[in-house]
>>> print(open('start_5.cif').read())   # mmCIF, C-alpha atoms and all ligand atoms
data_structure
loop_
_atom_site.label_atom_id
_atom_site.label_comp_id
_atom_site.auth_asym_id
_atom_site.auth_seq_id
_atom_site.Cartn_x
_atom_site.Cartn_y
_atom_site.Cartn_z
CA MET A 38 -4.25 -17.62 -21.54
CA GLU A 39 -6.35 -18.71 -24.38
CA ALA A 40 -7.55 -15.70 -26.35
CA LEU A 41 -11.31 -16.23 -25.94
CA VAL A 42 -10.80 -16.58 -22.17
CA GLN A 43 -8.98 -13.24 -22.31
CA VAL A 44 -11.98 -11.71 -24.10
CA LYS A 45 -14.24 -12.93 -21.27
CA GLU A 46 -11.78 -11.44 -18.75
CA GLN A 47 -11.86 -8.12 -20.61
CA ILE A 48 -15.69 -8.09 -20.53
CA LYS A 49 -15.54 -8.70 -16.78
CA ILE A 50 -13.07 -5.83 -16.33
CA PHE A 51 -15.35 -3.49 -18.29
CA VAL A 52 -18.35 -4.50 -16.15
CA GLN A 53 -16.26 -4.14 -12.95
CA GLU A 54 -15.46 -0.60 -14.05
CA CYS A 55 -19.20 0.14 -13.86
CA ASN A 56 -18.89 -0.25 -10.05
CA ASP A 57 -22.13 -2.13 -9.62
CA GLU A 58 -22.38 -5.47 -7.80
CA ARG A 59 -25.72 -6.43 -9.34
CA SER A 60 -24.34 -6.00 -12.86
CA LEU A 61 -21.47 -8.37 -12.05
CA GLU A 62 -23.91 -10.95 -10.67
CA LEU A 63 -26.02 -10.74 -13.81
CA LEU A 64 -22.93 -11.05 -16.01
CA ASP A 65 -22.14 -14.34 -14.27
CA LEU A 66 -25.57 -15.67 -15.22
CA LEU A 67 -25.09 -15.08 -18.95
CA ALA A 68 -24.28 -18.20 -20.94
CA THR A 69 -21.40 -17.69 -23.36
CA GLY A 70 -21.99 -18.57 -26.99
CA LYS A 71 -19.64 -19.52 -29.80
CA MET A 72 -18.04 -16.03 -29.81
CA LEU A 73 -17.97 -16.08 -33.60
CA ARG A 74 -17.40 -12.33 -33.83
CA SER A 75 -14.40 -12.48 -31.47
CA LYS A 76 -12.88 -15.43 -33.32
CA LEU A 77 -13.15 -13.45 -36.52
CA ILE A 78 -11.62 -10.29 -35.04
CA LEU A 79 -8.71 -12.22 -33.50
CA LYS A 80 -8.01 -14.13 -36.74
CA ILE A 81 -7.89 -10.87 -38.70
CA ALA A 82 -6.21 -8.52 -36.22
CA GLY A 83 -4.17 -10.94 -34.08
CA GLU A 84 -4.36 -11.30 -30.32
CA THR A 85 -3.34 -7.76 -29.38
CA PRO A 86 -4.73 -5.80 -26.38
CA GLU A 87 -6.58 -3.49 -28.79
CA ALA A 88 -8.18 -6.43 -30.60
CA LEU A 89 -9.20 -7.99 -27.28
CA ARG A 90 -10.90 -4.74 -26.25
CA LEU A 91 -12.72 -4.61 -29.59
CA CYS A 92 -13.85 -8.22 -29.08
CA ALA A 93 -15.19 -7.36 -25.62
CA VAL A 94 -17.08 -4.34 -27.00
CA VAL A 95 -18.66 -6.38 -29.80
CA GLU A 96 -19.57 -9.31 -27.51
CA MET A 97 -21.18 -6.90 -25.00
CA ILE A 98 -23.25 -5.32 -27.78
CA HIS A 99 -24.22 -8.77 -29.04
CA ALA A 100 -25.15 -9.91 -25.52
CA ALA A 101 -27.23 -6.74 -25.01
CA SER A 102 -29.09 -7.33 -28.26
CA LEU A 103 -29.89 -10.91 -27.20
CA LEU A 104 -31.10 -9.76 -23.77
CA HIS A 105 -33.53 -7.43 -25.52
CA ASP A 106 -34.40 -10.00 -28.19
CA ASP A 107 -35.40 -12.54 -25.53
CA VAL A 108 -37.81 -9.98 -24.08
CA ILE A 109 -39.22 -9.24 -27.54
CA ASP A 110 -39.51 -12.97 -28.41
CA GLU A 111 -40.66 -13.91 -24.90
CA ALA A 112 -37.97 -16.61 -24.91
CA ASP A 113 -37.25 -18.44 -21.68
CA THR A 114 -34.00 -20.05 -22.66
CA ARG A 115 -30.82 -18.73 -24.23
CA ARG A 116 -27.92 -20.98 -25.22
CA GLY A 117 -29.43 -23.82 -23.20
CA LYS A 118 -29.67 -21.76 -19.97
CA PRO A 119 -32.66 -19.84 -18.57
CA SER A 120 -32.80 -16.36 -20.11
CA ILE A 121 -32.46 -13.33 -17.81
CA ASN A 122 -36.10 -12.35 -18.47
CA ALA A 123 -37.18 -15.85 -17.40
CA LEU A 124 -34.91 -15.93 -14.32
CA PHE A 125 -35.99 -12.46 -13.19
CA ASP A 126 -38.25 -10.32 -15.36
CA ASN A 127 -38.34 -8.22 -18.53
CA LYS A 128 -37.27 -5.09 -16.67
CA THR A 129 -34.05 -6.69 -15.44
CA ALA A 130 -33.20 -8.00 -18.92
CA ILE A 131 -33.79 -4.61 -20.55
CA MET A 132 -31.87 -2.65 -17.92
CA PHE A 133 -28.89 -5.01 -17.87
CA GLY A 134 -28.89 -4.92 -21.68
CA ASP A 135 -28.76 -1.13 -21.50
CA ILE A 136 -25.79 -1.25 -19.11
CA LEU A 137 -23.78 -3.62 -21.33
CA TYR A 138 -24.73 -1.68 -24.41
CA SER A 139 -23.82 1.76 -23.06
CA LYS A 140 -20.57 0.61 -21.40
CA ALA A 141 -19.60 -0.94 -24.76
CA PHE A 142 -20.24 2.43 -26.42
CA THR A 143 -18.21 4.24 -23.75
CA GLU A 144 -15.24 2.04 -24.64
CA LEU A 145 -15.97 2.32 -28.36
CA SER A 146 -15.77 6.11 -28.06
CA GLN A 147 -12.10 5.70 -27.06
CA MET A 148 -11.23 3.70 -30.17
CA ASP A 149 -10.26 4.66 -33.72
CA ARG A 150 -12.96 6.90 -35.28
CA LYS A 151 -13.56 4.62 -38.24
CA ILE A 152 -13.97 1.60 -35.99
CA ALA A 153 -16.35 3.52 -33.74
CA TYR A 154 -18.37 4.61 -36.77
CA ASN A 155 -18.52 1.10 -38.25
CA VAL A 156 -19.65 -0.58 -35.05
CA ALA A 157 -22.10 2.14 -33.99
CA ASN A 158 -23.66 2.15 -37.43
CA ALA A 159 -24.05 -1.63 -37.32
CA VAL A 160 -26.00 -1.33 -34.06
CA THR A 161 -28.49 1.00 -35.75
CA LEU A 162 -28.86 -1.57 -38.55
CA LEU A 163 -29.22 -4.36 -35.99
CA SER A 164 -32.04 -2.55 -34.27
CA ILE A 165 -33.80 -1.80 -37.58
CA GLY A 166 -33.31 -5.45 -38.61
CA GLU A 167 -34.97 -6.62 -35.40
CA MET A 168 -37.93 -4.29 -35.99
CA HIS A 169 -38.33 -5.59 -39.55
CA ASP A 170 -38.02 -9.18 -38.35
CA VAL A 171 -40.93 -8.68 -35.97
CA ALA A 172 -42.99 -6.90 -38.66
CA LEU A 173 -42.26 -9.65 -41.22
CA THR A 174 -43.76 -12.33 -38.98
CA ASP A 175 -47.08 -10.53 -38.95
CA THR A 176 -48.39 -11.69 -42.32
CA PHE A 177 -46.99 -14.01 -45.02
CA ASN A 178 -44.02 -12.20 -46.60
CA SER A 179 -43.37 -13.31 -50.17
CA ASP A 180 -40.79 -10.60 -50.92
CA TYR A 181 -37.31 -12.10 -51.11
CA LYS A 182 -35.65 -8.66 -51.05
CA LYS A 183 -37.29 -7.87 -47.70
CA TYR A 184 -36.03 -11.16 -46.23
CA LEU A 185 -32.49 -10.53 -47.50
CA ASP A 186 -32.43 -6.94 -46.23
CA MET A 187 -33.72 -8.08 -42.82
CA ILE A 188 -31.15 -10.87 -42.35
CA TYR A 189 -28.40 -8.51 -43.52
CA LYS A 190 -29.34 -5.96 -40.90
CA LYS A 191 -30.25 -8.27 -38.04
CA THR A 192 -27.48 -10.85 -38.38
CA ALA A 193 -24.81 -9.87 -40.90
CA SER A 194 -24.26 -6.17 -40.09
CA LEU A 195 -22.44 -6.66 -36.78
CA ILE A 196 -20.32 -9.48 -38.21
CA GLU A 197 -19.48 -7.25 -41.18
CA ALA A 198 -18.54 -4.37 -38.84
CA SER A 199 -16.44 -6.72 -36.67
CA ALA A 200 -14.43 -7.96 -39.65
CA ALA A 201 -14.01 -4.46 -41.12
CA SER A 202 -12.92 -3.04 -37.76
CA ALA A 203 -10.40 -5.82 -37.24
CA ALA A 204 -9.01 -5.10 -40.71
CA ILE A 205 -8.62 -1.43 -39.77
CA LEU A 206 -6.72 -2.45 -36.59
CA ALA A 207 -4.42 -4.66 -38.63
CA GLY A 208 -3.93 -2.15 -41.44
CA ARG A 209 -5.50 -4.55 -43.94
CA ASP A 210 -7.98 -4.00 -46.76
CA GLU A 211 -11.17 -3.00 -44.92
CA GLU A 212 -13.55 -3.61 -47.82
CA LYS A 213 -12.43 -7.16 -48.50
CA TYR A 214 -12.91 -8.16 -44.89
CA ALA A 215 -16.24 -6.32 -44.67
CA LEU A 216 -17.51 -8.38 -47.60
CA TYR A 217 -16.22 -11.56 -45.98
CA GLY A 218 -18.00 -10.72 -42.71
CA LYS A 219 -21.21 -9.75 -44.46
CA ASN A 220 -21.33 -12.93 -46.53
CA LEU A 221 -20.41 -15.08 -43.53
CA GLY A 222 -23.35 -13.57 -41.65
CA LEU A 223 -25.79 -13.96 -44.54
CA ALA A 224 -24.73 -17.54 -45.29
CA PHE A 225 -24.85 -18.38 -41.57
CA GLN A 226 -28.45 -17.16 -41.31
CA MET A 227 -29.54 -18.89 -44.52
CA ILE A 228 -28.00 -22.17 -43.40
CA ASP A 229 -29.71 -21.82 -40.03
CA ASP A 230 -32.98 -21.36 -41.93
CA ILE A 231 -32.29 -24.43 -44.11
CA LEU A 232 -31.36 -26.66 -41.14
CA ASP A 233 -34.70 -25.78 -39.51
CA ILE A 234 -36.23 -27.81 -42.37
CA THR A 235 -33.70 -30.55 -43.02
CA GLN A 236 -32.69 -31.54 -39.47
CA ASP A 237 -34.80 -33.47 -36.98
CA SER A 238 -35.83 -32.06 -33.61
CA ALA A 239 -33.28 -34.17 -31.70
CA THR A 240 -30.40 -32.62 -33.69
CA LEU A 241 -31.85 -29.11 -33.53
CA GLY A 242 -32.67 -29.22 -29.82
CA LYS A 243 -36.07 -27.68 -30.62
CA PRO A 244 -39.06 -28.73 -32.76
CA ALA A 245 -38.16 -29.04 -36.47
CA MET A 246 -39.81 -26.70 -39.00
CA LEU A 247 -40.60 -24.22 -36.26
CA ASP A 248 -39.74 -21.08 -38.27
CA PHE A 249 -42.83 -21.24 -40.48
CA VAL A 250 -45.11 -21.97 -37.50
CA GLU A 251 -43.61 -18.87 -35.82
CA GLY A 252 -44.39 -16.76 -38.87
CA LYS A 253 -40.90 -16.68 -40.43
CA VAL A 254 -40.96 -17.09 -44.20
CA THR A 255 -37.30 -18.03 -44.70
CA ILE A 256 -35.39 -18.56 -47.95
CA PRO A 257 -36.56 -22.16 -48.74
CA TYR A 258 -40.20 -21.11 -48.21
CA LEU A 259 -39.71 -17.96 -50.31
CA LEU A 260 -38.28 -19.93 -53.24
CA LEU A 261 -41.00 -22.57 -52.88
CA HIS A 262 -43.72 -19.94 -52.84
CA GLN A 263 -42.34 -18.36 -56.04
CA ARG A 264 -42.35 -21.75 -57.77
CA LEU A 265 -45.69 -23.20 -56.71
CA GLY A 266 -48.53 -22.98 -59.25
CA ASP A 267 -51.11 -23.06 -56.49
CA LYS A 268 -49.72 -20.88 -53.68
CA GLN A 269 -52.85 -21.05 -51.55
CA LYS A 270 -52.09 -24.37 -49.90
CA LEU A 271 -48.73 -23.12 -48.61
CA GLU A 272 -50.21 -19.80 -47.50
CA ASN A 273 -52.93 -21.67 -45.59
CA LEU A 274 -50.31 -23.58 -43.60
CA TYR A 275 -48.60 -20.36 -42.48
CA LYS A 276 -48.37 -19.98 -38.67
CA LYS A 277 -50.18 -23.29 -38.15
CA GLU A 278 -49.12 -26.27 -36.04
CA LEU A 279 -48.25 -28.66 -38.86
CA THR A 280 -49.41 -32.28 -38.98
CA GLN A 281 -46.86 -34.88 -40.13
CA GLU A 282 -48.65 -35.00 -43.49
CA GLU A 283 -48.46 -31.22 -43.92
CA SER A 284 -44.78 -30.95 -43.07
CA ASP A 285 -44.05 -33.91 -45.37
CA TRP A 286 -45.91 -32.09 -48.15
CA ILE A 287 -43.86 -28.92 -47.67
CA LYS A 288 -40.57 -30.85 -47.69
CA HIS A 289 -41.59 -32.86 -50.76
CA GLN A 290 -42.53 -29.69 -52.65
CA MET A 291 -39.23 -28.08 -51.62
CA GLU A 292 -37.45 -31.04 -53.17
CA VAL A 293 -39.38 -31.30 -56.45
CA THR A 294 -39.19 -27.53 -57.07
CA ASP A 295 -35.47 -27.44 -56.07
CA ALA A 296 -36.35 -24.71 -53.54
CA LEU A 297 -34.17 -26.43 -50.93
CA ALA A 298 -31.25 -27.20 -53.25
CA ASP A 299 -31.26 -23.66 -54.61
CA SER A 300 -31.36 -22.18 -51.09
CA ILE A 301 -28.24 -24.20 -50.28
CA SER A 302 -26.62 -23.02 -53.54
CA GLN A 303 -27.33 -19.39 -52.70
CA ALA A 304 -25.70 -19.70 -49.27
CA GLN A 305 -22.74 -21.46 -50.89
CA ALA A 306 -22.43 -18.80 -53.58
CA LEU A 307 -22.14 -16.10 -50.89
CA GLY A 308 -19.48 -18.17 -49.16
CA ASN A 309 -17.52 -18.75 -52.34
CA GLU A 310 -17.67 -15.07 -53.28
CA ALA A 311 -16.05 -14.25 -49.91
CA ILE A 312 -13.42 -16.97 -50.36
CA ASN A 313 -12.50 -15.51 -53.76
CA VAL A 314 -12.26 -11.96 -52.43
CA LEU A 315 -9.85 -13.09 -49.69
CA HIS A 316 -7.78 -15.12 -52.15
CA ASP A 317 -4.67 -12.93 -51.94
CA GLU A 318 -4.95 -12.07 -48.25
CA ASN A 319 -3.04 -15.11 -47.00
CA ASN A 320 -5.50 -15.97 -44.26
CA PRO A 321 -6.21 -19.71 -44.66
CA GLU A 322 -8.09 -19.92 -41.38
CA LEU A 323 -10.80 -17.56 -42.62
CA ILE A 324 -11.16 -19.66 -45.76
CA MET A 325 -11.50 -22.75 -43.56
CA ILE A 326 -14.18 -21.16 -41.36
CA MET A 327 -16.26 -20.37 -44.44
CA LYS A 328 -15.68 -23.77 -46.04
CA ALA A 329 -16.65 -25.59 -42.85
CA MET A 330 -19.91 -23.67 -42.91
CA ILE A 331 -20.91 -24.15 -46.53
CA GLU A 332 -19.47 -27.60 -47.25
CA ARG A 333 -21.43 -29.42 -44.57
CA GLU A 334 -24.20 -32.00 -44.64
CA PHE A 335 -27.64 -30.49 -45.04
C1 LIG B 401 -31.68 -12.68 -32.55
O1 LIG B 401 -32.64 -13.03 -33.50
C2 LIG B 401 -31.54 -11.18 -32.50
C3 LIG B 401 -30.53 -10.42 -33.02
C4 LIG B 401 -29.39 -11.05 -33.70
C5 LIG B 401 -30.52 -8.92 -32.92
C6 LIG B 401 -31.46 -8.29 -31.91
C7 LIG B 401 -31.33 -6.81 -31.90
C8 LIG B 401 -31.96 -5.97 -31.05
C9 LIG B 401 -32.92 -6.46 -30.01
C10 LIG B 401 -31.69 -4.50 -31.16
C11 LIG B 401 -31.25 -3.88 -29.86
C12 LIG B 401 -29.77 -3.78 -29.79
C13 LIG B 401 -29.05 -3.41 -28.66
C14 LIG B 401 -27.57 -3.40 -28.75
C15 LIG B 401 -29.65 -3.02 -27.36
P1 LIG B 401 -33.54 -14.35 -33.42
O2 LIG B 401 -34.65 -14.12 -32.46
O3 LIG B 401 -33.90 -14.68 -34.80
O4 LIG B 401 -32.51 -15.44 -32.92
P2 LIG B 401 -32.54 -16.33 -31.60
O5 LIG B 401 -33.15 -17.62 -32.02
O6 LIG B 401 -31.08 -16.47 -31.26
O7 LIG B 401 -33.31 -15.62 -30.56
MG MG B 402 -35.00 -14.51 -30.54
#
>>> encode(input="start_5.cif", output="structure tokens", more="lines below")
Ligand code: FPP
Ligand code: MG
Amino acid sequence: MEALVQVKEQIKIFVQECNDERSLELLDLLATGKMLRSKLILKIAGETPEALRLCAVVEMIHAASLLHDDVIDEADTRRGKPSINALFDNKTAIMFGDILYSKAFTELSQMDRKIAYNVANAVTLLSIGEMHDVALTDTFNSDYKKYLDMIYKKTASLIEASAASAAILAGRDEEKYALYGKNLGLAFQMIDDILDITQDSATLGKPAMLDFVEGKVTIPYLLLHQRLGDKQKLENLYKKELTQEESDWIKHQMEVTDALADSISQAQALGNEAINVLHDENNPELIMIMKAMIEREF
């Protein structure tokens, strides 16, 4: 059986062990994503039963965090399917998230202590990252450090913990893989933030330049804000439905100030740092994953 299918089977077994019909029904309604964290774990640790259990634990934590995030964001779709809060209500999404989350921790408690510590600690960071994310969309944030810290916690921390834990399972250098996972997560989030500006709505599957309207001051906006002589015009457009003229102005300014090009360079620098660190690890597939991400069309 293909390894990712085995991860899904393992998740189902864990939920079956909870002895609750309703939980199994809800599990069936969850759309599966790219399973990036599992791919990473399996590429580092190999397709062993232990690695598959770790994948299932991480995917259940990730799914739980998205169930809660969709309540917080009042989102009615997830991965192209109706979200659980939209299909039922917020209560169901929160409670099912709690079940997945606590069952994952039950299984985590049976694993290697260092792995359990890494993953549990990442979930604290994830939760803090989410709280900061919400707070940062309140008023215009012009602090680059706050943005970086938030995307590290919210997005990169669990990917970092997944890679480090897989390295522990495989008896490989934990720190090298932790850095790879962290940088993959950071670059992934930055690129997502860049594509929100450079891609059209048809490609994105949602309105283009939505982040700024939703109150998110992402890396290209942060660099632009630093470089604009008159910052007021940009600040005035914050959280507004943009006219074509206004979004054209933002994009033009991002080009003439190199805010966009430098955002791309920063994501690429993180990727290249990780590639260099893994140089002697003989894991060409991890190098390819990173290259595919940073050497794309923007
Ligand atoms: C998606 O962000 C959200 C996350 C990656 C993390 C959310 C974390 C929590 C809700 C903490 C609670 C954790 C557990 C395990 C119960 P986004 O809204 O920017 O991305 P989206 O577009 O995919 O929704
Ligand atoms: Mg969300």
>>> closest_residue(input="start_5.cif", among="A:Glu322, A:Thr280, A:Asn273, A:His99", to="Lys76 in chain A", atoms="all atoms listed in the file")
A:Glu322
>>> closest_residue(input="start_5.cif", among="A:Gln303, A:Ser75, A:Thr143, A:Thr235", to="Glu54 in chain A", atoms="all atoms listed in the file")
A:Thr143
>>> atom_distance(input="start_5.cif", atom1="CA of Pro321 in chain A", atom2="CA of Gln226 in chain A")
22.6 Å
>>> closest_residue(input="start_5.cif", among="A:Ile152, A:Leu265, A:Leu64, A:Ile48", to="Ala207 in chain A", atoms="only C-alpha atoms")
A:Ile152
>>> atom_distance(input="start_5.cif", atom1="CA of Ile326 in chain A", atom2="CA of Ala141 in chain A")
26.7 Å
>>> residues_around(input="start_5.cif", residues="Glu278 in chain A", least_positions_apart="3", cutoff="12 Å", atoms="only C-alpha atoms", output="ChimeraX atom specification")
/A:244-252,273-275,281-284
>>> residues_near_ligand(input="start_5.cif", ligand="ligand MG 402 (chain B)", cutoff="12 Å", atoms="only C-alpha atoms and all ligand atoms", output="ChimeraX atom specification")
/A:100,102-116,120,167-168,170-171,191-192,248,251,253
>>> axis_aligned_box(input="start_5.cif", around="ligand LIG 401 (chain B)", padding_each_side="3 Å", output="AutoDock Vina command-line options")
--center_x -31.1 --center_y -10.3 --center_z -31.1 --size_x 13.1 --size_y 20.6 --size_z 13.4
>>> closest_atom_pairs(input="start_5.cif", of="range 227-330 of chain A", to="range 80-88 of chain A", cutoff="12 Å", atoms="all atoms listed in the file", output="CSV")
residue,atom,partner,partner_atom,distance
A:Leu315,CA,A:Ile81,CA,11.4
A:Glu318,CA,A:Ile81,CA,10.1
A:Asn319,CA,A:Ile81,CA,10.5
A:Asn320,CA,A:Ile81,CA,7.9
A:Pro321,CA,A:Lys80,CA,9.9
A:Glu322,CA,A:Lys80,CA,7.4
A:Leu323,CA,A:Lys80,CA,7.4
A:Ile324,CA,A:Lys80,CA,11.0
A:Met325,CA,A:Lys80,CA,11.5
A:Ile326,CA,A:Lys80,CA,10.4
>>> atom_distance(input="start_5.cif", atom1="CA of Glu310 in chain A", atom2="CA of Lys71 in chain A")
24.0 Å
>>> closest_residue(input="start_5.cif", among="A:Ser146, A:Ser194, A:Gln43, A:Asn56", to="Ile165 in chain A", atoms="all atoms listed in the file")
A:Ser194
>>> closest_residue(input="start_5.cif", among="A:Ile121, A:Ala329, A:Val52, A:Ala159", to="ligand LIG 401 (chain B)", atoms="only C-alpha atoms and all ligand atoms")
A:Ala159
>>> closest_residue(input="start_5.cif", among="A:Met38, A:Ala204, A:Ala172, A:Leu61", to="Lys151 in chain A", atoms="all atoms listed in the file")
A:Ala204
>>> residues_around(input="start_5.cif", residues="Met132 in chain A", least_positions_apart="3", cutoff="12 Å", atoms="all atoms listed in the file", output="list in words")
Arg59, Ser60, Leu63, Ala101, Ser102, Leu104, His105, Val108, Ile121, Asn122, Phe125, Asp126, Asn127, Lys128, Thr129, Asp135, Ile136, Leu137, Tyr138 and Ser139 of chain A
>>> residues_around(input="start_5.cif", residues="Ala304 in chain A", least_positions_apart="5", cutoff="10 Å", atoms="all atoms listed in the file", output="list in words")
Asn220, Leu221, Leu223, Ala224, Phe225, Gln226, Met227, Ile228, Ile231, Ile256, Asp299, Asn309, Met330 and Ile331 of chain A
>>> residues_around(input="start_5.cif", residues="Gln290 in chain A", least_positions_apart="5", cutoff="12 Å", atoms="all atoms listed in the file", output="list in words")
Pro257, Tyr258, Leu260, Leu261, His262, Gln263, Arg264, Leu265, Gly266, Asp267, Lys268, Lys270, Leu271, Glu283, Ser284, Asp285, Asp295, Ala296, Leu297 and Ala298 of chain A
>>> write_last_selection(input="start_5.cif", atoms="C-alpha atoms", output="compact mmCIF listing (two decimals), in the coordinates of the input")
# COMPACT_ATOMS: atom_id res chain seq x y z
CA PRO A 257 -36.56 -22.16 -48.74
CA TYR A 258 -40.20 -21.11 -48.21
CA LEU A 260 -38.28 -19.93 -53.24
CA LEU A 261 -41.00 -22.57 -52.88
CA HIS A 262 -43.72 -19.94 -52.84
CA GLN A 263 -42.34 -18.36 -56.04
CA ARG A 264 -42.35 -21.75 -57.77
CA LEU A 265 -45.69 -23.20 -56.71
CA GLY A 266 -48.53 -22.98 -59.25
CA ASP A 267 -51.11 -23.06 -56.49
CA LYS A 268 -49.72 -20.88 -53.68
CA LYS A 270 -52.09 -24.37 -49.90
CA LEU A 271 -48.73 -23.12 -48.61
CA GLU A 283 -48.46 -31.22 -43.92
CA SER A 284 -44.78 -30.95 -43.07
CA ASP A 285 -44.05 -33.91 -45.37
CA ASP A 295 -35.47 -27.44 -56.07
CA ALA A 296 -36.35 -24.71 -53.54
CA LEU A 297 -34.17 -26.43 -50.93
CA ALA A 298 -31.25 -27.20 -53.25
>>> decode(input="start_5.cif", residues="range 257-271 of chain A", atoms="N, CA, C and O atoms", output="JSON list (two decimals), in the first residue's frame")
[["chain", "number", "residue", "atom", "x", "y", "z"],
["A", 257, "PRO", "N", 5.65, 41.05, 1.64],
["A", 257, "PRO", "CA", 5.81, 42.08, 0.61],
["A", 257, "PRO", "C", 5.27, 43.45, 1.06],
["A", 257, "PRO", "O", 5.86, 44.48, 0.74],
["A", 258, "TYR", "N", 4.20, 43.44, 1.84],
["A", 258, "TYR", "CA", 3.63, 44.69, 2.35],
["A", 258, "TYR", "C", 4.56, 45.31, 3.40],
["A", 258, "TYR", "O", 4.72, 46.53, 3.45],
["A", 259, "LEU", "N", 5.17, 44.46, 4.22],
["A", 259, "LEU", "CA", 6.08, 44.96, 5.26],
["A", 259, "LEU", "C", 7.29, 45.64, 4.63],
["A", 259, "LEU", "O", 7.67, 46.75, 5.03],
["A", 260, "LEU", "N", 7.86, 45.00, 3.61],
["A", 260, "LEU", "CA", 9.03, 45.59, 2.95],
["A", 260, "LEU", "C", 8.63, 46.87, 2.22],
["A", 260, "LEU", "O", 9.35, 47.86, 2.24],
["A", 261, "LEU", "N", 7.46, 46.85, 1.58],
["A", 261, "LEU", "CA", 6.98, 48.05, 0.89],
["A", 261, "LEU", "C", 6.80, 49.20, 1.87],
["A", 261, "LEU", "O", 7.24, 50.32, 1.62],
["A", 262, "HIS", "N", 6.17, 48.89, 2.98],
["A", 262, "HIS", "CA", 5.90, 49.93, 3.98],
["A", 262, "HIS", "C", 7.19, 50.57, 4.46],
["A", 262, "HIS", "O", 7.29, 51.79, 4.57],
["A", 263, "GLN", "N", 8.22, 49.71, 4.71],
["A", 263, "GLN", "CA", 9.53, 50.25, 5.15],
["A", 263, "GLN", "C", 10.10, 51.21, 4.11],
["A", 263, "GLN", "O", 10.79, 52.16, 4.44],
["A", 264, "ARG", "N", 9.85, 50.92, 2.83],
["A", 264, "ARG", "CA", 10.54, 51.65, 1.75],
["A", 264, "ARG", "C", 9.77, 52.84, 1.20],
["A", 264, "ARG", "O", 10.33, 53.63, 0.43],
["A", 265, "LEU", "N", 8.51, 52.97, 1.53],
["A", 265, "LEU", "CA", 7.73, 54.09, 1.01],
["A", 265, "LEU", "C", 8.05, 55.37, 1.77],
["A", 265, "LEU", "O", 8.13, 55.36, 3.00],
["A", 266, "GLY", "N", 8.24, 56.47, 1.02],
["A", 266, "GLY", "CA", 8.45, 57.77, 1.66],
["A", 266, "GLY", "C", 7.17, 58.19, 2.37],
["A", 266, "GLY", "O", 7.16, 58.50, 3.56],
["A", 267, "ASP", "N", 6.07, 58.14, 1.60],
["A", 267, "ASP", "CA", 4.77, 58.49, 2.18],
["A", 267, "ASP", "C", 4.03, 57.19, 2.48],
["A", 267, "ASP", "O", 3.54, 56.51, 1.58],
["A", 268, "LYS", "N", 3.97, 56.82, 3.77],
["A", 268, "LYS", "CA", 3.40, 55.52, 4.16],
["A", 268, "LYS", "C", 1.87, 55.60, 4.30],
["A", 268, "LYS", "O", 1.19, 54.59, 4.37],
["A", 269, "GLN", "N", 1.37, 56.84, 4.37],
["A", 269, "GLN", "CA", -0.04, 57.04, 4.68],
["A", 269, "GLN", "C", -0.97, 56.38, 3.66],
["A", 269, "GLN", "O", -1.95, 55.74, 4.02],
["A", 270, "LYS", "N", -0.60, 56.53, 2.38],
["A", 270, "LYS", "CA", -1.49, 55.99, 1.34],
["A", 270, "LYS", "C", -1.70, 54.48, 1.51],
["A", 270, "LYS", "O", -2.82, 53.99, 1.42],
["A", 271, "LEU", "N", -0.59, 53.78, 1.78],
["A", 271, "LEU", "CA", -0.69, 52.32, 1.98],
["A", 271, "LEU", "C", -1.51, 52.01, 3.23],
["A", 271, "LEU", "O", -2.38, 51.15, 3.23]]
